[in-house]
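J.: Let me give you the structure first, and then I'll get to my questions.
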Amino acid sequence: MKIRHKQLELCRSSPKNWVASKQEGGGRSSFGYNQALNYAISTFHNTDSIKSALVRLDGYAKNFKNAKRIAKLYEFLDEYAKWYAASGIISADSNVLLAYPLKSNWQLGGLISRVDYLGSEYRAVLFESIAPGWKDQLRMPLIQTAIALRYGRPAPEVRVGFQEINGNKLTDTRYTTSQRSLADAEFKKIGAQVLKLWPKPIT
């Protein structure tokens, strides 16, 4: 079973309620404006072409209804491309799909919006609002470990953080070995509770 990293705090607060919501079909979201922007930005990084990113965004925009929000998507994409060109950051990867731990029936999933190469370090970036207390979210040290394993880097050389696309505010941090070990232990404990509560066989 896989849980998206965005859902982990909800599950952390009540595994029972999270399982119930999943059984009722909760947690499923339709493809929205933020996802469209995220995928357009991924195309920008994969192709090194703003034109290709715009073409992909065009494809999504025709399915949306809110003209003001559609206009904002193009504005944010343009501002992001300009920010990135001036930042000096090297994007090593984008829209990276998590599966951590690999050999487990309880995995952390979801997308990492961008992975930066910073010379001697890597940085996993989530395109989300920077919420108060974000450093205490259980997913963050887990993502640090997962990205380190995926790219074959020592975990202390990986940073994790957020970027707000509507202004490109960027913040990050790293977690100690002890913090990551505690996070792993808590994640496994939550998983054991979820698997015990789940009413049907896990395949």
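The chains in the structure tokens are called A, B, ... from first to last as shown; in each chain the residues are counted from 1, and the ligands are counted from 1 in the order shown.
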Please list as a PyMOL selection string every residue within 9 Å of segment 64-78 of chain A, counting only C-alpha atoms and excluding residues in the same chain fewer than 5 positions away.
T.: chain A and resi 32-34+36-37+40-41+50+53-54+57+83+165-168
J.: For a quick check of understanding, using only C-alpha atoms, which of A:Phe44, A:Tyr100, A:Phe162, A:Phe127 has the smallest distance to Lys188 of chain A?
T.: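 That would be A:Tyr100, the residue with the smallest distance to Lys188 of chain A.
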J.: Which one is closest to Asp116 of chain A: A:Leu142, A:Leu102, A:Ala81, A:Val160? Count only C-alpha atoms.
T.: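 For Asp116 of chain A, the nearest of the candidates is A:Val160.
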J.: Can you tell me, as an mmCIF file with C-alpha atoms, in the first residue's frame, what residues are no more than 7 Å from Leu126 of chain A when counting only C-alpha atoms, ignoring any on the same chain fewer than 5 positions away?
T.:
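result35.cif was written with the following content:
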```
data_model
loop_
_atom_site.group_PDB
_atom_site.id
_atom_site.type_symbol
_atom_site.label_atom_id
_atom_site.label_comp_id
_atom_site.auth_asym_id
_atom_site.auth_seq_id
_atom_site.Cartn_x
_atom_site.Cartn_y
_atom_site.Cartn_z
ATOM 1 C CA ILE A 112 8.641 15.566 -5.808
ATOM 2 C CA SER A 113 8.260 18.644 -7.989
ATOM 3 C CA ARG A 114 11.949 19.277 -8.638
ATOM 4 C CA GLY A 161 11.989 22.154 1.181
ATOM 5 C CA PHE A 162 9.230 24.082 -0.515
ATOM 6 C CA GLN A 163 8.864 26.629 -3.283
#
```
J.: From a DSSP calculation on the backbone, collect every residue of segment 7-139 of chain A in alpha helix (DSSP H) and output the set as a PyMOL selection string.
T.: chain A and resi 8-13+15-23+33-47+50-61+67-87+139
J.: Store the residues picked out above, limited to C-alpha atoms, as a PDB file, in the first residue's frame.
T.:
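See part_34.pdb below for the written result:
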```pdb
ATOM      1  CA  LEU A   8       0.752  11.620   5.602  1.00  0.00           C
ATOM      2  CA  GLU A   9      -0.039  14.242   8.238  1.00  0.00           C
ATOM      3  CA  LEU A  10      -3.744  13.370   8.050  1.00  0.00           C
ATOM      4  CA  CYS A  11      -2.932   9.714   8.484  1.00  0.00           C
ATOM      5  CA  ARG A  12      -0.488  10.550  11.251  1.00  0.00           C
ATOM      6  CA  SER A  13      -3.187  12.329  13.228  1.00  0.00           C
ATOM      7  CA  PRO A  15      -4.811   6.265  10.951  1.00  0.00           C
ATOM      8  CA  LYS A  16      -8.349   5.024  11.628  1.00  0.00           C
ATOM      9  CA  ASN A  17      -9.974   8.062  10.010  1.00  0.00           C
ATOM     10  CA  TRP A  18      -7.559   7.941   7.071  1.00  0.00           C
ATOM     11  CA  VAL A  19      -8.374   4.290   6.396  1.00  0.00           C
ATOM     12  CA  ALA A  20     -12.092   5.055   6.633  1.00  0.00           C
ATOM     13  CA  SER A  21     -11.753   7.927   4.156  1.00  0.00           C
ATOM     14  CA  LYS A  22      -9.881   5.705   1.713  1.00  0.00           C
ATOM     15  CA  GLN A  23     -12.557   3.038   1.979  1.00  0.00           C
ATOM     16  CA  TYR A  33      -4.835  24.136 -11.892  1.00  0.00           C
ATOM     17  CA  ASN A  34      -1.834  23.568  -9.619  1.00  0.00           C
ATOM     18  CA  GLN A  35      -1.150  20.161 -11.127  1.00  0.00           C
ATOM     19  CA  ALA A  36      -1.326  21.641 -14.619  1.00  0.00           C
ATOM     20  CA  LEU A  37       1.287  24.232 -13.679  1.00  0.00           C
ATOM     21  CA  ASN A  38       3.457  21.602 -12.039  1.00  0.00           C
ATOM     22  CA  TYR A  39       3.414  19.417 -15.153  1.00  0.00           C
ATOM     23  CA  ALA A  40       4.076  22.391 -17.431  1.00  0.00           C
ATOM     24  CA  ILE A  41       7.103  23.298 -15.322  1.00  0.00           C
ATOM     25  CA  SER A  42       8.288  19.698 -15.497  1.00  0.00           C
ATOM     26  CA  THR A  43       8.085  19.883 -19.284  1.00  0.00           C
ATOM     27  CA  PHE A  44      10.081  23.120 -19.159  1.00  0.00           C
ATOM     28  CA  HIS A  45      12.852  21.362 -17.246  1.00  0.00           C
ATOM     29  CA  ASN A  46      12.762  18.177 -19.317  1.00  0.00           C
ATOM     30  CA  THR A  47      12.940  19.984 -22.643  1.00  0.00           C
ATOM     31  CA  ILE A  50       9.425  27.398 -22.474  1.00  0.00           C
ATOM     32  CA  LYS A  51       7.634  26.887 -25.801  1.00  0.00           C
ATOM     33  CA  SER A  52       7.139  23.196 -25.073  1.00  0.00           C
ATOM     34  CA  ALA A  53       5.925  24.050 -21.573  1.00  0.00           C
ATOM     35  CA  LEU A  54       3.392  26.488 -23.004  1.00  0.00           C
ATOM     36  CA  VAL A  55       2.130  23.890 -25.461  1.00  0.00           C
ATOM     37  CA  ARG A  56       1.547  21.453 -22.615  1.00  0.00           C
ATOM     38  CA  LEU A  57      -0.161  24.134 -20.525  1.00  0.00           C
ATOM     39  CA  ASP A  58      -2.381  24.974 -23.501  1.00  0.00           C
ATOM     40  CA  GLY A  59      -3.546  21.372 -23.526  1.00  0.00           C
ATOM     41  CA  TYR A  60      -4.582  21.553 -19.888  1.00  0.00           C
ATOM     42  CA  ALA A  61      -6.017  25.072 -20.002  1.00  0.00           C
ATOM     43  CA  ALA A  67     -10.415  32.570 -17.100  1.00  0.00           C
ATOM     44  CA  LYS A  68      -8.627  34.479 -14.314  1.00  0.00           C
ATOM     45  CA  ARG A  69      -7.051  31.329 -12.914  1.00  0.00           C
ATOM     46  CA  ILE A  70      -6.034  30.212 -16.391  1.00  0.00           C
ATOM     47  CA  ALA A  71      -4.340  33.570 -16.984  1.00  0.00           C
ATOM     48  CA  LYS A  72      -2.494  33.175 -13.671  1.00  0.00           C
ATOM     49  CA  LEU A  73      -1.113  29.812 -14.817  1.00  0.00           C
ATOM     50  CA  TYR A  74       0.572  31.447 -17.802  1.00  0.00           C
ATOM     51  CA  GLU A  75       1.781  34.332 -15.628  1.00  0.00           C
ATOM     52  CA  PHE A  76       3.278  31.979 -13.042  1.00  0.00           C
ATOM     53  CA  LEU A  77       4.938  29.831 -15.716  1.00  0.00           C
ATOM     54  CA  ASP A  78       6.538  32.897 -17.299  1.00  0.00           C
ATOM     55  CA  GLU A  79       7.712  34.222 -13.923  1.00  0.00           C
ATOM     56  CA  TYR A  80       9.040  30.814 -12.951  1.00  0.00           C
ATOM     57  CA  ALA A  81      11.062  30.486 -16.170  1.00  0.00           C
ATOM     58  CA  LYS A  82      12.586  33.924 -15.577  1.00  0.00           C
ATOM     59  CA  TRP A  83      13.326  33.104 -11.938  1.00  0.00           C
ATOM     60  CA  TYR A  84      14.971  29.824 -12.883  1.00  0.00           C
ATOM     61  CA  ALA A  85      17.149  31.435 -15.559  1.00  0.00           C
ATOM     62  CA  ALA A  86      18.434  33.953 -13.023  1.00  0.00           C
ATOM     63  CA  SER A  87      18.768  31.511 -10.100  1.00  0.00           C
ATOM     64  CA  ARG A 139       7.166  13.451   5.287  1.00  0.00           C
TER      65      ARG A 139
END
```
J.: Report, in Å to a single decimal, how far apart atom CA of Arg153 of chain A and atom CA of Lys6 of chain A are.
T.: 24.0 Å
J.: Going by DSSP on the backbone, which bits of chain A are strand (DSSP E)? Write them as a PyMOL selection string, please.
T.: chain A and resi 2-4+90-97+107-109+111-117+122-126+158-164+169-173
J.: What would the file look like if the residues just selected were written as an mmCIF file, in the first residue's frame with N, CA and C atoms?
T.:
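Saved as selection00.cif:
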```
data_model
loop_
_atom_site.group_PDB
_atom_site.id
_atom_site.type_symbol
_atom_site.label_atom_id
_atom_site.label_comp_id
_atom_site.auth_asym_id
_atom_site.auth_seq_id
_atom_site.Cartn_x
_atom_site.Cartn_y
_atom_site.Cartn_z
ATOM 1 N N LYS A 2 0.438 2.242 -0.727
ATOM 2 C CA LYS A 2 1.220 3.481 -0.828
ATOM 3 C C LYS A 2 0.373 4.661 -0.361
ATOM 4 N N ILE A 3 0.985 5.556 0.393
ATOM 5 C CA ILE A 3 0.328 6.766 0.830
ATOM 6 C C ILE A 3 1.070 7.959 0.240
ATOM 7 N N ARG A 4 0.341 8.870 -0.380
ATOM 8 C CA ARG A 4 0.975 10.072 -0.933
ATOM 9 C C ARG A 4 1.493 10.937 0.205
ATOM 10 N N ILE A 90 20.642 24.222 -11.011
ATOM 11 C CA ILE A 90 20.584 23.177 -12.028
ATOM 12 C C ILE A 90 19.533 22.154 -11.601
ATOM 13 N N SER A 91 18.536 21.956 -12.436
ATOM 14 C CA SER A 91 17.509 20.962 -12.149
ATOM 15 C C SER A 91 18.007 19.587 -12.600
ATOM 16 N N ALA A 92 18.171 18.685 -11.643
ATOM 17 C CA ALA A 92 18.623 17.334 -11.959
ATOM 18 C C ALA A 92 17.466 16.441 -12.386
ATOM 19 N N ASP A 93 16.265 16.763 -11.918
ATOM 20 C CA ASP A 93 15.102 15.939 -12.220
ATOM 21 C C ASP A 93 13.846 16.710 -11.839
ATOM 22 N N SER A 94 12.705 16.250 -12.345
ATOM 23 C CA SER A 94 11.437 16.893 -11.988
ATOM 24 C C SER A 94 10.322 15.870 -11.991
ATOM 25 N N ASN A 95 9.295 16.164 -11.205
ATOM 26 C CA ASN A 95 8.159 15.244 -11.029
ATOM 27 C C ASN A 95 8.629 13.814 -10.767
ATOM 28 N N VAL A 96 9.419 13.686 -9.722
ATOM 29 C CA VAL A 96 9.985 12.397 -9.333
ATOM 30 C C VAL A 96 8.962 11.636 -8.489
ATOM 31 N N LEU A 97 8.645 10.426 -8.891
ATOM 32 C CA LEU A 97 7.662 9.617 -8.181
ATOM 33 C C LEU A 97 8.345 8.818 -7.072
ATOM 34 N N GLN A 107 4.402 2.081 1.767
ATOM 35 C CA GLN A 107 5.354 2.980 1.118
ATOM 36 C C GLN A 107 4.860 4.423 1.106
ATOM 37 N N LEU A 108 5.829 5.321 1.143
ATOM 38 C CA LEU A 108 5.559 6.735 0.925
ATOM 39 C C LEU A 108 5.626 7.008 -0.566
ATOM 40 N N GLY A 109 4.548 7.564 -1.116
ATOM 41 C CA GLY A 109 4.496 7.869 -2.537
ATOM 42 C C GLY A 109 4.271 9.345 -2.780
ATOM 43 N N LEU A 111 4.606 12.817 -5.690
ATOM 44 C CA LEU A 111 5.594 13.439 -6.573
ATOM 45 C C LEU A 111 6.454 14.468 -5.845
ATOM 46 N N ILE A 112 7.728 14.495 -6.199
ATOM 47 C CA ILE A 112 8.641 15.566 -5.808
ATOM 48 C C ILE A 112 8.745 16.496 -7.013
ATOM 49 N N SER A 113 8.387 17.738 -6.847
ATOM 50 C CA SER A 113 8.260 18.644 -7.989
ATOM 51 C C SER A 113 9.578 18.854 -8.730
ATOM 52 N N ARG A 114 10.655 19.040 -7.983
ATOM 53 C CA ARG A 114 11.949 19.277 -8.638
ATOM 54 C C ARG A 114 13.061 18.792 -7.720
ATOM 55 N N VAL A 115 14.105 18.249 -8.319
ATOM 56 C CA VAL A 115 15.318 17.899 -7.575
ATOM 57 C C VAL A 115 16.446 18.748 -8.131
ATOM 58 N N ASP A 116 17.055 19.553 -7.269
ATOM 59 C CA ASP A 116 18.127 20.461 -7.677
ATOM 60 C C ASP A 116 19.491 19.833 -7.432
ATOM 61 N N TYR A 117 20.403 20.112 -8.348
ATOM 62 C CA TYR A 117 21.799 19.766 -8.140
ATOM 63 C C TYR A 117 22.516 21.041 -7.738
ATOM 64 N N TYR A 122 22.202 17.858 -3.109
ATOM 65 C CA TYR A 122 20.949 17.793 -3.847
ATOM 66 C C TYR A 122 19.854 18.415 -2.979
ATOM 67 N N ARG A 123 18.797 18.859 -3.636
ATOM 68 C CA ARG A 123 17.676 19.426 -2.883
ATOM 69 C C ARG A 123 16.356 18.965 -3.508
ATOM 70 N N ALA A 124 15.498 18.382 -2.680
ATOM 71 C CA ALA A 124 14.161 17.987 -3.119
ATOM 72 C C ALA A 124 13.200 19.132 -2.817
ATOM 73 N N VAL A 125 12.489 19.584 -3.842
ATOM 74 C CA VAL A 125 11.617 20.749 -3.715
ATOM 75 C C VAL A 125 10.169 20.355 -4.005
ATOM 76 N N LEU A 126 9.266 20.779 -3.129
ATOM 77 C CA LEU A 126 7.837 20.595 -3.328
ATOM 78 C C LEU A 126 7.221 21.936 -3.692
ATOM 79 N N VAL A 158 21.668 15.906 1.211
ATOM 80 C CA VAL A 158 20.368 16.179 0.595
ATOM 81 C C VAL A 158 19.574 17.138 1.471
ATOM 82 N N ARG A 159 19.011 18.154 0.845
ATOM 83 C CA ARG A 159 18.145 19.108 1.523
ATOM 84 C C ARG A 159 16.716 18.915 1.019
ATOM 85 N N VAL A 160 15.750 19.330 1.810
ATOM 86 C CA VAL A 160 14.341 19.223 1.418
ATOM 87 C C VAL A 160 13.636 20.536 1.749
ATOM 88 N N GLY A 161 12.674 20.901 0.905
ATOM 89 C CA GLY A 161 11.989 22.154 1.181
ATOM 90 C C GLY A 161 10.833 22.413 0.238
ATOM 91 N N PHE A 162 10.392 23.656 0.251
ATOM 92 C CA PHE A 162 9.230 24.082 -0.515
ATOM 93 C C PHE A 162 9.557 25.292 -1.379
ATOM 94 N N GLN A 163 8.809 25.418 -2.464
ATOM 95 C CA GLN A 163 8.864 26.629 -3.283
ATOM 96 C C GLN A 163 7.443 27.060 -3.608
ATOM 97 N N GLU A 164 7.140 28.312 -3.313
ATOM 98 C CA GLU A 164 5.844 28.889 -3.647
ATOM 99 C C GLU A 164 5.939 29.488 -5.047
ATOM 100 N N LYS A 169 9.162 31.983 -3.806
ATOM 101 C CA LYS A 169 9.826 31.940 -2.502
ATOM 102 C C LYS A 169 10.270 30.511 -2.235
ATOM 103 N N LEU A 170 11.527 30.331 -1.845
ATOM 104 C CA LEU A 170 12.119 29.008 -1.686
ATOM 105 C C LEU A 170 12.757 28.886 -0.305
ATOM 106 N N THR A 171 12.484 27.768 0.371
ATOM 107 C CA THR A 171 13.092 27.513 1.670
ATOM 108 C C THR A 171 13.396 26.035 1.798
ATOM 109 N N ASP A 172 14.441 25.698 2.557
ATOM 110 C CA ASP A 172 14.776 24.282 2.710
ATOM 111 C C ASP A 172 15.482 24.032 4.031
ATOM 112 N N THR A 173 15.690 22.769 4.321
ATOM 113 C CA THR A 173 16.400 22.363 5.522
ATOM 114 C C THR A 173 16.949 20.957 5.309
#
```
